[in-house]
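Participant: Supplied structure: coords-v3.pdb, PDB, C-alpha atoms.
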```pdb
ATOM      1  CA  MET A   1      -4.717 126.713 113.494
ATOM      2  CA  ASP A   2      -5.471 125.558 109.963
ATOM      3  CA  ALA A   3      -3.533 127.845 107.607
ATOM      4  CA  THR A   4      -6.358 127.734 105.074
ATOM      5  CA  SER A   5      -9.030 129.054 107.432
ATOM      6  CA  PRO A   6     -10.694 132.373 106.490
ATOM      7  CA  ARG A   7      -9.082 133.950 109.530
ATOM      8  CA  ASP A   8      -5.609 133.325 108.051
ATOM      9  CA  ASP A   9      -6.405 133.538 104.333
ATOM     10  CA  PRO A  10      -7.429 137.027 103.114
ATOM     11  CA  PHE A  11      -8.827 135.566  99.893
ATOM     12  CA  ALA A  12     -11.162 133.224 101.775
ATOM     13  CA  ALA A  13     -12.217 136.001 104.146
ATOM     14  CA  LEU A  14     -12.947 138.387 101.273
ATOM     15  CA  ARG A  15     -14.542 135.810  98.981
ATOM     16  CA  PRO A  16     -18.193 136.882  99.605
ATOM     17  CA  ARG A  17     -17.332 140.492  98.747
ATOM     18  CA  LEU A  18     -15.276 139.485  95.710
ATOM     19  CA  PHE A  19     -18.109 137.278  94.478
ATOM     20  CA  GLY A  20     -20.515 140.187  94.983
ATOM     21  CA  ILE A  21     -18.391 142.428  92.767
ATOM     22  CA  ALA A  22     -17.974 139.803  90.042
ATOM     23  CA  TYR A  23     -21.637 138.761  90.012
ATOM     24  CA  ARG A  24     -22.897 142.348  89.887
ATOM     25  CA  MET A  25     -20.505 143.009  87.020
ATOM     26  CA  LEU A  26     -21.283 139.864  85.022
ATOM     27  CA  GLY A  27     -24.775 138.735  85.983
ATOM     28  CA  THR A  28     -24.010 135.003  86.063
ATOM     29  CA  ARG A  29     -22.729 132.821  88.865
ATOM     30  CA  ALA A  30     -20.562 130.740  86.520
ATOM     31  CA  ASP A  31     -18.736 133.779  85.125
ATOM     32  CA  ALA A  32     -18.312 135.236  88.610
ATOM     33  CA  GLU A  33     -16.853 131.991  89.925
ATOM     34  CA  ASP A  34     -14.495 131.761  86.927
ATOM     35  CA  VAL A  35     -13.236 135.258  87.736
ATOM     36  CA  LEU A  36     -12.697 134.292  91.374
ATOM     37  CA  GLN A  37     -10.822 131.160  90.346
ATOM     38  CA  ASP A  38      -8.538 133.225  88.106
ATOM     39  CA  ALA A  39      -8.038 135.771  90.900
ATOM     40  CA  TRP A  40      -7.222 132.971  93.359
ATOM     41  CA  LEU A  41      -4.528 131.627  91.036
ATOM     42  CA  ARG A  42      -3.002 135.090  90.695
ATOM     43  CA  TRP A  43      -3.187 135.567  94.451
ATOM     44  CA  HIS A  44      -1.250 132.386  95.115
ATOM     45  CA  HIS A  45       1.445 133.347  92.611
ATOM     46  CA  ALA A  46       1.800 136.899  93.937
ATOM     47  CA  ASP A  47       4.279 138.183  96.495
ATOM     48  CA  THR A  48       1.524 138.756  99.028
ATOM     49  CA  GLY A  49       3.930 139.754 101.773
ATOM     50  CA  ALA A  50       4.869 142.865  99.828
ATOM     51  CA  LEU A  51       1.280 144.077  99.431
ATOM     52  CA  ALA A  52       0.198 147.169 101.352
ATOM     53  CA  SER A  53      -3.426 145.942 101.319
ATOM     54  CA  ALA A  54      -4.548 142.459 100.358
ATOM     55  CA  GLU A  55      -8.136 143.678 100.024
ATOM     56  CA  ALA A  56      -7.248 146.513  97.648
ATOM     57  CA  TRP A  57      -5.137 144.147  95.529
ATOM     58  CA  LEU A  58      -7.850 141.479  95.329
ATOM     59  CA  VAL A  59     -10.675 143.933  94.617
ATOM     60  CA  THR A  60      -8.561 145.488  91.856
ATOM     61  CA  VAL A  61      -7.779 142.111  90.274
ATOM     62  CA  VAL A  62     -11.396 140.917  90.429
ATOM     63  CA  THR A  63     -12.685 144.219  89.038
ATOM     64  CA  ARG A  64     -10.259 144.208  86.099
ATOM     65  CA  LEU A  65     -10.900 140.547  85.331
ATOM     66  CA  SER A  66     -14.643 141.220  85.424
ATOM     67  CA  ILE A  67     -14.296 144.164  83.031
ATOM     68  CA  ASP A  68     -12.329 142.014  80.566
ATOM     69  CA  ARG A  69     -14.834 139.164  80.790
ATOM     70  CA  LEU A  70     -17.801 141.521  80.399
ATOM     71  CA  ARG A  71     -16.274 143.026  77.273
ATOM     72  CA  ALA A  72     -15.907 139.536  75.810
ATOM     73  CA  ALA A  73     -19.450 138.603  76.836
ATOM     74  CA  ARG A  74     -21.001 141.636  75.154
ATOM     75  CA  ALA A  75     -20.694 140.082  71.689
ATOM     76  CA  GLU A  76     -22.421 136.910  72.892
ATOM     77  CA  ARG A  77     -25.197 138.892  74.528
ATOM     78  CA  ASP A  78     -25.712 140.972  71.382
ATOM     79  CA  ALA A  79     -26.378 137.711  69.517
ATOM     80  CA  TYR A  80     -28.581 136.297  72.290
ATOM     81  CA  VAL A  81     -32.092 135.259  71.226
ATOM     82  CA  GLY A  82     -34.615 137.536  72.927
ATOM     83  CA  TRP A  83     -33.979 139.394  76.169
ATOM     84  CA  TRP A  84     -30.884 138.599  78.246
ATOM     85  CA  LEU A  85     -31.559 138.527  82.000
ATOM     86  CA  PRO A  86     -29.064 137.764  84.777
ATOM     87  CA  GLU A  87     -28.824 134.243  86.166
ATOM     88  CA  PRO A  88     -31.080 134.337  89.254
ATOM     89  CA  LEU A  89     -29.677 133.652  92.706
ATOM     90  CA  VAL A  90     -32.388 131.813  94.611
ATOM     91  CA  ALA A  91     -32.639 131.105  98.330
ATOM     92  CA  VAL A  92     -35.492 128.791  99.257
ATOM     93  CA  ASP A  93     -34.996 129.367 102.987
ATOM     94  CA  GLU A  94     -34.552 133.025 103.965
ATOM     95  CA  ARG A  95     -33.257 132.064 107.414
ATOM     96  CA  THR A  96     -29.973 130.514 106.320
ATOM     97  CA  PRO A  97     -26.721 132.461 106.764
ATOM     98  CA  GLU A  98     -26.054 131.911 103.055
ATOM     99  CA  ALA A  99     -29.232 133.764 102.180
ATOM    100  CA  VAL A 100     -28.233 136.726 104.326
ATOM    101  CA  ALA A 101     -24.645 136.877 103.063
ATOM    102  CA  GLU A 102     -25.110 136.053  99.404
ATOM    103  CA  LEU A 103     -28.394 137.804  98.716
ATOM    104  CA  ALA A 104     -27.561 141.188 100.153
ATOM    105  CA  SER A 105     -28.860 144.555  98.953
ATOM    106  CA  ASP A 106     -28.368 145.846  95.415
ATOM    107  CA  LEU A 107     -28.561 142.393  93.869
ATOM    108  CA  SER A 108     -32.104 142.710  92.612
ATOM    109  CA  MET A 109     -32.875 141.593  89.075
ATOM    110  CA  ALA A 110     -34.278 145.040  88.278
ATOM    111  CA  PHE A 111     -31.045 146.708  89.399
ATOM    112  CA  LEU A 112     -28.857 144.325  87.372
ATOM    113  CA  TRP A 113     -31.170 144.783  84.388
ATOM    114  CA  VAL A 114     -30.407 148.517  84.471
ATOM    115  CA  LEU A 115     -26.666 147.902  84.913
ATOM    116  CA  GLU A 116     -26.649 145.982  81.613
ATOM    117  CA  ARG A 117     -27.041 149.337  79.864
ATOM    118  CA  LEU A 118     -23.718 150.618  81.218
ATOM    119  CA  ALA A 119     -20.315 150.204  79.594
ATOM    120  CA  PRO A 120     -18.003 147.801  81.482
ATOM    121  CA  GLU A 121     -15.733 150.432  83.080
ATOM    122  CA  GLU A 122     -18.714 152.675  83.820
ATOM    123  CA  ARG A 123     -20.461 149.751  85.502
ATOM    124  CA  ALA A 124     -17.381 148.959  87.581
ATOM    125  CA  ALA A 125     -16.908 152.572  88.717
ATOM    126  CA  PHE A 126     -20.589 152.900  89.621
ATOM    127  CA  LEU A 127     -20.663 149.651  91.620
ATOM    128  CA  LEU A 128     -17.418 150.368  93.459
ATOM    129  CA  ARG A 129     -18.714 153.793  94.481
ATOM    130  CA  GLN A 130     -22.448 153.279  95.013
ATOM    131  CA  VAL A 131     -22.542 149.710  96.321
ATOM    132  CA  PHE A 132     -19.121 149.126  97.856
ATOM    133  CA  ASP A 133     -18.514 152.726  99.019
ATOM    134  CA  ARG A 134     -15.001 153.034  97.613
ATOM    135  CA  ASP A 135     -13.306 156.447  97.523
ATOM    136  CA  TYR A 136     -12.626 157.943  94.131
ATOM    137  CA  ASP A 137      -8.855 157.728  94.546
ATOM    138  CA  GLU A 138      -9.210 153.973  95.131
ATOM    139  CA  ILE A 139     -11.483 153.565  92.113
ATOM    140  CA  ALA A 140      -9.053 155.536  89.957
ATOM    141  CA  ALA A 141      -6.175 153.275  91.015
ATOM    142  CA  MET A 142      -8.217 150.113  90.386
ATOM    143  CA  LEU A 143      -9.339 151.200  86.920
ATOM    144  CA  GLY A 144      -6.162 152.977  85.878
ATOM    145  CA  ARG A 145      -8.089 156.200  85.224
ATOM    146  CA  SER A 146      -7.965 159.695  86.694
ATOM    147  CA  GLU A 147     -10.197 160.618  89.632
ATOM    148  CA  ALA A 148     -11.965 163.168  87.431
ATOM    149  CA  ALA A 149     -12.736 160.511  84.823
ATOM    150  CA  CYS A 150     -14.069 158.159  87.494
ATOM    151  CA  ARG A 151     -16.279 160.857  88.984
ATOM    152  CA  GLN A 152     -17.691 161.548  85.520
ATOM    153  CA  MET A 153     -18.330 157.850  84.873
ATOM    154  CA  VAL A 154     -20.142 157.462  88.202
ATOM    155  CA  HIS A 155     -22.192 160.597  87.552
ATOM    156  CA  ARG A 156     -23.259 159.394  84.097
ATOM    157  CA  ALA A 157     -24.088 155.937  85.426
ATOM    158  CA  ARG A 158     -26.077 157.360  88.339
ATOM    159  CA  GLU A 159     -28.140 159.463  85.941
ATOM    160  CA  ARG A 160     -28.840 156.501  83.660
ATOM    161  CA  VAL A 161     -29.892 154.343  86.606
ATOM    162  CA  ARG A 162     -32.128 157.141  87.908
ATOM    163  CA  ARG A 163     -33.786 157.642  84.503
ATOM    164  CA  ALA A 164     -34.461 153.910  84.209
ATOM    165  CA  GLY A 165     -37.142 154.243  86.869
ATOM    166  CA  PRO A 166     -37.689 154.528  90.616
ATOM    167  CA  ARG A 167     -36.427 151.885  93.011
ATOM    168  CA  PHE A 168     -38.829 150.804  95.715
ATOM    169  CA  GLU A 169     -37.872 149.907  99.274
ATOM    170  CA  VAL A 170     -40.628 147.512 100.307
ATOM    171  CA  PRO A 171     -40.517 145.371 103.492
ATOM    172  CA  HIS A 172     -40.168 141.678 102.706
ATOM    173  CA  ASP A 173     -43.368 140.840 104.583
ATOM    174  CA  THR A 174     -45.353 143.304 102.469
ATOM    175  CA  HIS A 175     -43.712 142.071  99.269
ATOM    176  CA  ARG A 176     -44.320 138.432 100.185
ATOM    177  CA  ALA A 177     -47.985 139.040 101.126
ATOM    178  CA  LEU A 178     -48.634 140.675  97.739
ATOM    179  CA  LEU A 179     -46.983 137.744  95.958
ATOM    180  CA  GLU A 180     -49.091 135.239  97.903
ATOM    181  CA  ARG A 181     -52.225 137.011  96.672
ATOM    182  CA  PHE A 182     -50.865 136.970  93.128
ATOM    183  CA  VAL A 183     -50.116 133.245  93.403
ATOM    184  CA  GLN A 184     -53.635 132.545  94.627
ATOM    185  CA  ALA A 185     -55.099 134.391  91.656
ATOM    186  CA  ALA A 186     -52.756 132.604  89.225
ATOM    187  CA  ARG A 187     -53.552 129.175  90.711
ATOM    188  CA  HIS A 188     -57.282 129.727  90.223
ATOM    189  CA  GLY A 189     -57.083 131.467  86.845
ATOM    190  CA  ASP A 190     -58.747 134.574  88.299
ATOM    191  CA  ARG A 191     -57.976 137.081  85.573
ATOM    192  CA  GLN A 192     -59.676 140.021  87.288
ATOM    193  CA  ALA A 193     -57.837 139.397  90.565
ATOM    194  CA  LEU A 194     -54.546 139.217  88.641
ATOM    195  CA  LYS A 195     -55.246 142.523  86.896
ATOM    196  CA  ALA A 196     -56.122 144.194  90.201
ATOM    197  CA  LEU A 197     -52.649 143.361  91.529
ATOM    198  CA  LEU A 198     -50.832 144.813  88.509
ATOM    199  CA  ALA A 199     -49.846 148.461  88.074
ATOM    200  CA  ASP A 200     -51.118 150.345  85.044
ATOM    201  CA  ASP A 201     -47.575 150.502  83.629
ATOM    202  CA  VAL A 202     -46.558 146.948  84.591
ATOM    203  CA  GLU A 203     -43.936 145.332  82.365
ATOM    204  CA  ALA A 204     -43.120 141.632  81.941
ATOM    205  CA  VAL A 205     -39.800 140.553  80.405
ATOM    206  CA  GLY A 206     -38.861 136.940  79.636
ATOM    207  CA  ASP A 207     -35.557 135.185  78.956
ATOM    208  CA  GLY A 208     -35.693 131.837  77.168
ATOM    209  CA  GLY A 209     -32.312 132.134  75.486
ATOM    210  CA  GLY A 210     -33.720 130.638  72.301
ATOM    211  CA  LYS A 211     -33.899 127.256  74.055
ATOM    212  CA  VAL A 212     -37.496 127.444  75.258
ATOM    213  CA  LEU A 213     -40.456 129.590  74.264
ATOM    214  CA  SER A 214     -40.547 133.017  75.861
ATOM    215  CA  VAL A 215     -41.919 136.458  75.087
ATOM    216  CA  LEU A 216     -39.592 138.125  72.576
ATOM    217  CA  THR A 217     -40.975 141.594  73.249
ATOM    218  CA  ALA A 218     -41.782 143.003  76.658
ATOM    219  CA  LEU A 219     -45.446 142.753  77.618
ATOM    220  CA  ARG A 220     -46.836 146.013  78.973
ATOM    221  CA  GLY A 221     -50.094 146.762  80.749
ATOM    222  CA  PRO A 222     -52.206 144.753  83.214
ATOM    223  CA  ASP A 223     -54.414 143.193  80.534
ATOM    224  CA  ARG A 224     -51.561 141.588  78.598
ATOM    225  CA  VAL A 225     -49.661 140.424  81.678
ATOM    226  CA  ALA A 226     -52.767 139.036  83.390
ATOM    227  CA  ASN A 227     -53.753 137.254  80.166
ATOM    228  CA  LEU A 228     -50.363 135.547  80.062
ATOM    229  CA  TYR A 229     -50.819 133.996  83.512
ATOM    230  CA  TRP A 230     -54.450 133.200  82.817
ATOM    231  CA  ALA A 231     -53.518 131.431  79.558
ATOM    232  CA  ILE A 232     -50.953 129.285  81.381
ATOM    233  CA  TRP A 233     -53.586 128.294  83.948
ATOM    234  CA  ARG A 234     -56.161 127.556  81.241
ATOM    235  CA  ARG A 235     -53.761 125.349  79.278
ATOM    236  CA  LEU A 236     -52.059 123.516  82.172
ATOM    237  CA  GLY A 237     -54.394 123.833  85.158
ATOM    238  CA  ALA A 238     -53.284 121.883  88.220
ATOM    239  CA  ASP A 239     -49.951 120.989  86.598
ATOM    240  CA  VAL A 240     -48.757 124.534  87.361
ATOM    241  CA  ALA A 241     -47.306 125.192  90.833
ATOM    242  CA  TYR A 242     -45.873 128.406  92.286
ATOM    243  CA  ARG A 243     -43.538 128.842  95.229
ATOM    244  CA  VAL A 244     -42.510 132.100  96.916
ATOM    245  CA  VAL A 245     -38.735 132.251  97.472
ATOM    246  CA  LEU A 246     -35.967 134.853  97.546
ATOM    247  CA  VAL A 247     -34.806 135.799  94.065
ATOM    248  CA  ASN A 248     -31.713 138.002  94.171
ATOM    249  CA  GLY A 249     -32.472 139.084  97.704
ATOM    250  CA  GLU A 250     -36.159 139.939  97.215
ATOM    251  CA  PRO A 251     -39.334 137.822  97.361
ATOM    252  CA  GLY A 252     -39.987 136.247  93.972
ATOM    253  CA  LEU A 253     -41.460 133.108  92.451
ATOM    254  CA  LEU A 254     -40.442 129.706  91.211
ATOM    255  CA  ARG A 255     -42.916 128.159  88.785
ATOM    256  CA  SER A 256     -42.974 124.417  88.180
ATOM    257  CA  ILE A 257     -44.938 122.548  85.524
ATOM    258  CA  GLY A 258     -45.592 118.879  86.068
ATOM    259  CA  GLY A 259     -43.161 118.909  88.982
ATOM    260  CA  ARG A 260     -40.268 120.321  86.922
ATOM    261  CA  LEU A 261     -38.856 123.800  87.435
ATOM    262  CA  GLU A 262     -39.961 125.969  84.516
ATOM    263  CA  SER A 263     -38.956 129.502  85.550
ATOM    264  CA  ALA A 264     -37.636 131.811  88.235
ATOM    265  CA  GLN A 265     -39.437 135.146  88.437
ATOM    266  CA  ALA A 266     -38.190 138.335  90.039
ATOM    267  CA  VAL A 267     -41.091 140.617  90.921
ATOM    268  CA  VAL A 268     -40.856 144.373  91.486
ATOM    269  CA  THR A 269     -43.566 145.979  93.597
ATOM    270  CA  ASP A 270     -44.205 149.376  95.147
ATOM    271  CA  GLY A 271     -45.902 147.654  98.076
ATOM    272  CA  GLU A 272     -49.405 147.940  96.631
ATOM    273  CA  ARG A 273     -49.188 146.596  93.091
ATOM    274  CA  ILE A 274     -46.707 144.737  90.909
ATOM    275  CA  ARG A 275     -44.646 147.027  88.680
ATOM    276  CA  ALA A 276     -42.448 144.545  86.783
ATOM    277  CA  ILE A 277     -41.861 140.807  86.375
ATOM    278  CA  TYR A 278     -38.561 139.393  85.096
ATOM    279  CA  THR A 279     -38.970 135.735  84.138
ATOM    280  CA  VAL A 280     -35.920 133.541  83.503
ATOM    281  CA  ARG A 281     -36.809 130.377  81.550
ATOM    282  CA  ASN A 282     -33.448 129.604  79.955
ATOM    283  CA  PRO A 283     -32.715 126.089  81.308
ATOM    284  CA  ASP A 284     -28.976 126.831  81.491
ATOM    285  CA  LYS A 285     -29.696 129.593  84.000
ATOM    286  CA  LEU A 286     -32.087 127.395  85.988
ATOM    287  CA  ALA A 287     -29.851 124.318  86.225
ATOM    288  CA  ARG A 288     -28.219 125.223  89.539
ATOM    289  CA  ILE A 289     -31.577 126.079  91.134
ATOM    290  CA  ASP A 290     -33.107 122.850  89.871
ATOM    291  CA  ALA A 291     -30.196 120.837  91.265
ATOM    292  CA  ALA A 292     -30.625 122.495  94.662
ATOM    293  CA  LEU A 293     -34.346 121.686  94.697
ATOM    294  CA  THR A 294     -33.912 118.043  93.629
ATOM    295  CA  PRO A 295     -33.106 116.699  97.155
ATOM    296  CA  GLN A 296     -36.237 118.434  98.469
ATOM    297  CA  ARG A 297     -38.384 116.642  95.886
TER
END
```
Would you mind writing the file's structure down as structure tokens?
Facilitator:
Amino acid sequence: MDATSPRDDPFAALRPRLFGIAYRMLGTRADAEDVLQDAWLRWHHADTGALASAEAWLVTVVTRLSIDRLRAARAERDAYVGWWLPEPLVAVDERTPEAVAELASDLSMAFLWVLERLAPEERAAFLLRQVFDRDYDEIAAMLGRSEAACRQMVHRARERVRRAGPRFEVPHDTHRALLERFVQAARHGDRQALKALLADDVEAVGDGGGKVLSVLTALRGPDRVANLYWAIWRRLGADVAYRVVLVNGEPGLLRSIGGRLESAQAVVTDGERIRAIYTVRNPDKLARIDAALTPQR
């Protein structure tokens, strides 16, 4: 048997989980993959035969590397132009194994948006406990903190996530059907139909990274959000195209203008109306998606 197969290589077998930890910590695929590359190098220089648990060792290394990288990234994000949103993970075809494995639960843009408010160690403790179901003694060993400190960090993080707003469990079919109606209204510039699909407290956040135009303050209320989509239709008409895809594991939108990808949009809904829209326009964060779509064009 090939010695590098996932069955024989713990790193390869655990890679999806390790990527999930790093991406949830850092919010970008590039940073997550850099962390995994660093962890792989450490793994291949370690005395793996002496390890009691390869998984515990690898999760610890990836978590600590992610904390260090997130601390370094905070200064860059503080200087970021406008809102900073995570790099979207997009699956065009929901049926592929990659979509199921990579875009699992708790990857939503709204969830990661809330996690950005947590300190690096607090974020790590919360994710390890709430998402990856680690025991507190394991978390304490991974972070080099006491169990009591880890419990307190998770408690504080849980409260901050809860206060940030309710999370909605909506079937994909229901979510997708609502988005299709929204797309129809946007394609025809039907401002009243757009408003009818938006919650009274809807919020729209955009990320252009200072490289393209984007809203620098969050738009709130159905009038302002509907007007934004109506204005795009009025200015560009048939040049605007929407496509429903999976964005971070939930139905969302890709918008193209003149055949070129312009944005990826994560859409939060309660099943009846749209509660939030997170629009990533920064071309650096769209490059991988655009490259994946190029063969289809």
Participant: Give me the residues near Asp173 in chain A as a ChimeraX atom specification, where near means some atom within 12 Å (using all atoms listed in the file) and where sequence neighbours in that chain fewer than 3 positions away do not count.
Facilitator: /A:94,169-170,176-180,244,246,250-251,271
Participant: Skip Val245 in chain A itself and residues of its chain fewer than 6 positions away, then list as a PyMOL selection string all residues within 7 Å of it, counting all atoms listed in the file.
Facilitator: chain A and resi 90-92+251-254
Participant: For a cutoff of 12 Å around the file-coordinate point (-49.5, 131.8, 82.7), which residues qualify once you count all atoms listed in the file? I'd like the result as an MDAnalysis selection string.
Facilitator: chainID A and resid 182:183 185:191 194 204 214:215 224:242 255:257 262:263 279
Participant: Do you know which residues are at most 7 Å from range 109-116 of chain A counting all atoms listed in the file, after dropping those on the same chain fewer than 4 positions away, and could you put them as a PyMOL selection string?
Facilitator: chain A and resi 24+85-86+123+161+164+248+266
Participant: Starting from the PyMOL selection byres ((chain A and resi 61) around 12), expand the selection into actual residues of this file and give them as a PyMOL selection string.
Facilitator: chain A and resi 11+18+21-22+35-43+46+54-60+62-68+141-144
Participant: Report the residues retrieved by the PyMOL selection byres ((chain A and resi 207-209) around 12) from the displayed file, expressed as a PyMOL selection string.
Facilitator: chain A and resi 76-88+113+204-206+210-218+262-266+277-286
Participant: Given only C-alpha atoms as the basis, pick out the residue of A:Ser53, A:Glu159, A:Arg71, A:Ile289 nearest to Glu138 in chain A.
Facilitator: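 Selected residue with least distance to Glu138 in chain A: A:Ser53.
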Participant: As an exercise, work out the distance from CA of Val268 in chain A to CA of Leu107 in chain A in Å and give it to one decimal place.
Facilitator: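 So the two atoms, CA of Val268 in chain A and CA of Leu107 in chain A, lie 12.7 Å apart.
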